[in-house]
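Reading through the structure tokens given below for one structure.
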Amino acid sequence: MAPTVTHIQTIERALRTGAPHELLGTLRAGLTQYFGATGVDLLVADYSSSVLQPVTDLPHTDRPLAVQASPEGRAFISQEPYGKYLSEDGAIELHLPVTVRGDRLGILTVRLPEDRCTPQAVEEMTVLAEVLGHEIVVAERDTDLYMQARRSQRLTLAAEMQWQLLPARSCARQEYAIGGQLEPAYDIHGDNFDWSTTADTLTLTVTNGMGEGIHASLLTNLAVNALRNARRAGIGIADQATLADQAIYAQYQGAQYVSTLLLFFEIATGRVQVVDAGSPQLWRQRDRSVERVAFEAQHPLGMFDETLYEAQEFQALPGDRLIFVSDGVYGALSGAGEAYEDRALARAIQAVSFLPAAAVPRAMLEELRAYREADPDDDALVVCLDWFGRSPAPSQ
């Protein structure tokens, strides 16, 4: 007997074979037919992760919803389905996270009769929201629809280049979870972050860009792609830094350079190799203690010709939270002229202890905004890495 084709398989096939710009319409038709949905909407997180933007016929869009003050935002932050009862017609409005491997893209809102909102239906629609997320990532190769919908205002060209350079804003697997955020989101210049994982390793780089505008973005693009090129050649992080240094120096002859922190994690052991080539800082929260982890400083990439780099080591333990910040964070000044690093940064890290890694950067940057009285003169970058480690294999 042939296996039964489930509703999920039918809708998933329709999403995979449909036009990239029609994913929402395709899903809406499937949820209406098989689940009795009376309304289906998609909201995507904007570049600042502060509002959820409806995906509609662009360039026009509906009113955005605040992440911190809406039922949709509650589901986005908690990453759990959240239902709201609509008493006027006995319907349920269900908000489902649209997330891909820990990268929180937005929320799928489904309105359906109360009697159709069963635990099984919620579970199946939650799966379909995740499927939609995967299809959006693929569709973005062929349509600007979802990237346009993310914008609550126009991006500068430099910011466009920087956001396109990122791998994602968050990711998660069993051994770790990462979240990152850049500010000002719509006018970022040179700060950036990058990561890549294999079965047994994680490589993470944090870049504190130099300069302003398109010149800073071009410099950072060269640095990140030079590091990726070296990494994909399969060499260690010290040699990655050396090759990227040569590429930047060849282009700018030392007039421009890039401060970068490179880290290579062995997932099985938590052993970490580090090259500290500039100003990004690493702070560690272990149990209730927060402290800066300092390394031997080496020259920024591209400052001098033929610089050789050496890797140092430290140990990440299960439960560690590692926070990476650019100088636009730790060097920010209060109205009284006190640097954020002096006292407020450690308090801010402790204040967000209860949040998952993906939500930490946004929360810390909100704290920073309240700390300084003037608009920032520099980019601000926060990356959070929660290290869970790998559980030992069960004995036979």
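Chain lettering (A, B, ...) mirrors the order of the structure tokens, residue numbering begins at 1 for each chain separately, and ligand numbering begins at 1 in order of display.
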
All residues 9 Å or closer to A:Val274, only C-alpha atoms, same chain fewer than 6 positions away omitted, as a list of chain:residue names: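 Within the cut-off, the hits are A:Ile237, A:Ala238, A:Leu261, A:Leu262, A:Leu263, A:Phe264, A:Phe265, A:Phe295, A:Glu310, A:Ala311, A:Gln312, A:Glu313, A:Phe314.
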
Exercise: stretch 34-37 of chain A partners within 12 Å, only C-alpha atoms, chain neighbours under 4 positions left out, as a count of residues only: 32

Could you list, with a cut-off of 7 Å and counting only C-alpha atoms, the residues of stretch 97-165 of chain A near stretch 215-233 of chain A, each shown with its nearest atom pair and the distance in Å rounded to one decimal, rows sorted by chain and ascending number, as a Markdown table?
```
| residue | atom | partner | partner_atom | distance |
| --- | --- | --- | --- | --- |
| A:Ala158 | CA | A:Ser217 | CA | 5.4 |
| A:Met161 | CA | A:Ser217 | CA | 6.6 |
| A:Gln162 | CA | A:Ser217 | CA | 6.4 |
```

With N, CA and C atoms retained, write the just-selected residues as a PDB file, in the first residue's frame.
```pdb
ATOM      1  N   ALA A 158      25.821  51.740   2.348  1.00  0.00           N
ATOM      2  CA  ALA A 158      26.789  51.052   3.198  1.00  0.00           C
ATOM      3  C   ALA A 158      26.105  49.995   4.065  1.00  0.00           C
ATOM      4  N   MET A 161      25.146  46.878   2.076  1.00  0.00           N
ATOM      5  CA  MET A 161      26.292  45.989   1.865  1.00  0.00           C
ATOM      6  C   MET A 161      26.627  45.203   3.126  1.00  0.00           C
ATOM      7  N   GLN A 162      26.547  45.854   4.292  1.00  0.00           N
ATOM      8  CA  GLN A 162      26.893  45.179   5.527  1.00  0.00           C
ATOM      9  C   GLN A 162      25.906  44.076   5.883  1.00  0.00           C
TER      10      GLN A 162
END
```

Using only C-alpha atoms, which residues of stretch 56-124 of chain A come within 7 Å of stretch 43-47 of chain A, and what is the closest atom pair for each, with the distance in Å to one decimal? Give it as JSON lines, sorted by chain and residue number.
```
{"residue": "A:Leu105", "atom": "CA", "partner": "A:Val44", "partner_atom": "CA", "distance": 5.7}
{"residue": "A:Gly106", "atom": "CA", "partner": "A:Val44", "partner_atom": "CA", "distance": 4.1}
{"residue": "A:Ile107", "atom": "CA", "partner": "A:Leu43", "partner_atom": "CA", "distance": 5.2}
{"residue": "A:Leu108", "atom": "CA", "partner": "A:Leu43", "partner_atom": "CA", "distance": 6.4}
```

Got time to write the residues from that selection, N, CA, C and O atoms, as a compact mmCIF listing (two decimals), in the first residue's frame?
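again_18.txt written:
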```
# COMPACT_ATOMS: atom_id res chain seq x y z
N LEU A 105 13.16 34.84 11.84
CA LEU A 105 12.77 35.68 10.70
C LEU A 105 11.53 36.50 10.97
O LEU A 105 11.40 37.64 10.52
N GLY A 106 10.55 35.93 11.68
CA GLY A 106 9.31 36.66 11.91
C GLY A 106 8.24 35.78 12.52
O GLY A 106 8.53 34.82 13.24
N ILE A 107 6.99 36.12 12.19
CA ILE A 107 5.82 35.44 12.77
C ILE A 107 4.79 35.16 11.68
O ILE A 107 4.51 36.02 10.83
N LEU A 108 4.22 33.96 11.71
CA LEU A 108 3.07 33.60 10.88
C LEU A 108 1.83 33.66 11.75
O LEU A 108 1.74 32.99 12.77
```

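Every protein, DNA or RNA residue with an atom at most 8 Å from stretch 170-177 of chain A, where only C-alpha atoms count and chain neighbours fewer than 4 positions away do not, is listed here: Val100, Arg101, Gly102, Asp103, Arg104, Ile267, Ala357, Ala358, Leu385, Asp386, Trp387, Phe388, Gly389 and Arg390 of chain A.
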
Would you write out those residues with C-alpha atoms, as a short mmCIF file (atom, residue, chain, number, x, y, z; two decimals), in the first residue's frame?
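Wrote it out as result.cif, contents follow:
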```cif
data_model
loop_
_atom_site.label_atom_id
_atom_site.label_comp_id
_atom_site.auth_asym_id
_atom_site.auth_seq_id
_atom_site.Cartn_x
_atom_site.Cartn_y
_atom_site.Cartn_z
CA VAL A 100 15.37 28.71 10.52
CA ARG A 101 18.08 26.95 12.54
CA GLY A 102 17.76 29.52 15.28
CA ASP A 103 17.55 32.56 12.96
CA ARG A 104 14.32 34.33 13.90
CA ILE A 267 32.97 21.55 19.73
CA ALA A 357 21.37 34.37 22.98
CA ALA A 358 19.34 35.58 20.00
CA LEU A 385 27.45 33.09 22.17
CA ASP A 386 25.96 30.66 24.68
CA TRP A 387 28.18 27.61 24.98
CA PHE A 388 26.40 24.39 25.97
CA GLY A 389 29.13 21.94 24.98
CA ARG A 390 28.74 18.43 23.70
#
```

Shell of 12 Å around A:Arg286, only C-alpha atoms, local chain residues under 4 positions omitted, as a count of residues only: 19

Best match for closeness to A:Ala241 among A:Ile178, A:Leu355, A:Ala277, A:Leu31, counting only C-alpha atoms: A:Ala277

Nearest to A:Glu183, chosen from A:Glu296, A:Glu135, A:Asp276, A:Glu366, with only C-alpha atoms counted in the distances: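 Closest to A:Glu183, using only C-alpha atoms: A:Glu366.
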
DSSP strand (DSSP E or B) residues within stretch 42-258 of chain A, as a ChimeraX atom specification: /A:42-45,51-54,65-66,82-86,91-100,103-113,170-173,176-183,192-197,201-208,258

Every residue of stretch 65-98 of chain A that DSSP places in helix (DSSP H, G or I), as an NGL selection string: :A and (67-69 or 71-78)

Surrounding residues of A:Leu308 excluding itself and chain neighbours under 3 positions, 12 Å, only C-alpha atoms, as a PyMOL selection string: chain A and resi 237-246+275+277+298-305+311

Could you produce a table of the residues of stretch 121-234 of chain A lying within 8 Å of stretch 57-77 of chain A, with the nearest pair of atoms per residue and their separation in Å rounded to one decimal, using only C-alpha atoms, ordered by chain and increasing residue number, as a tab-separated table?
```
residue	atom	partner	partner_atom	distance
A:Leu145	CA	A:Leu58	CA	7.3
A:Gln148	CA	A:Leu58	CA	7.6
A:Ala149	CA	A:Leu58	CA	7.4
A:Ser152	CA	A:Pro64	CA	8.0
```

Neighbour list for A:Asp327 as a PyMOL selection string, cut-off 7 Å, only C-alpha atoms, skip fewer than 2 positions in-chain: chain A and resi 279-280+325+329-331

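Across the model, the gap from atom CA of A:Gly213 to atom CA of A:Thr156 is 8.4 Å.
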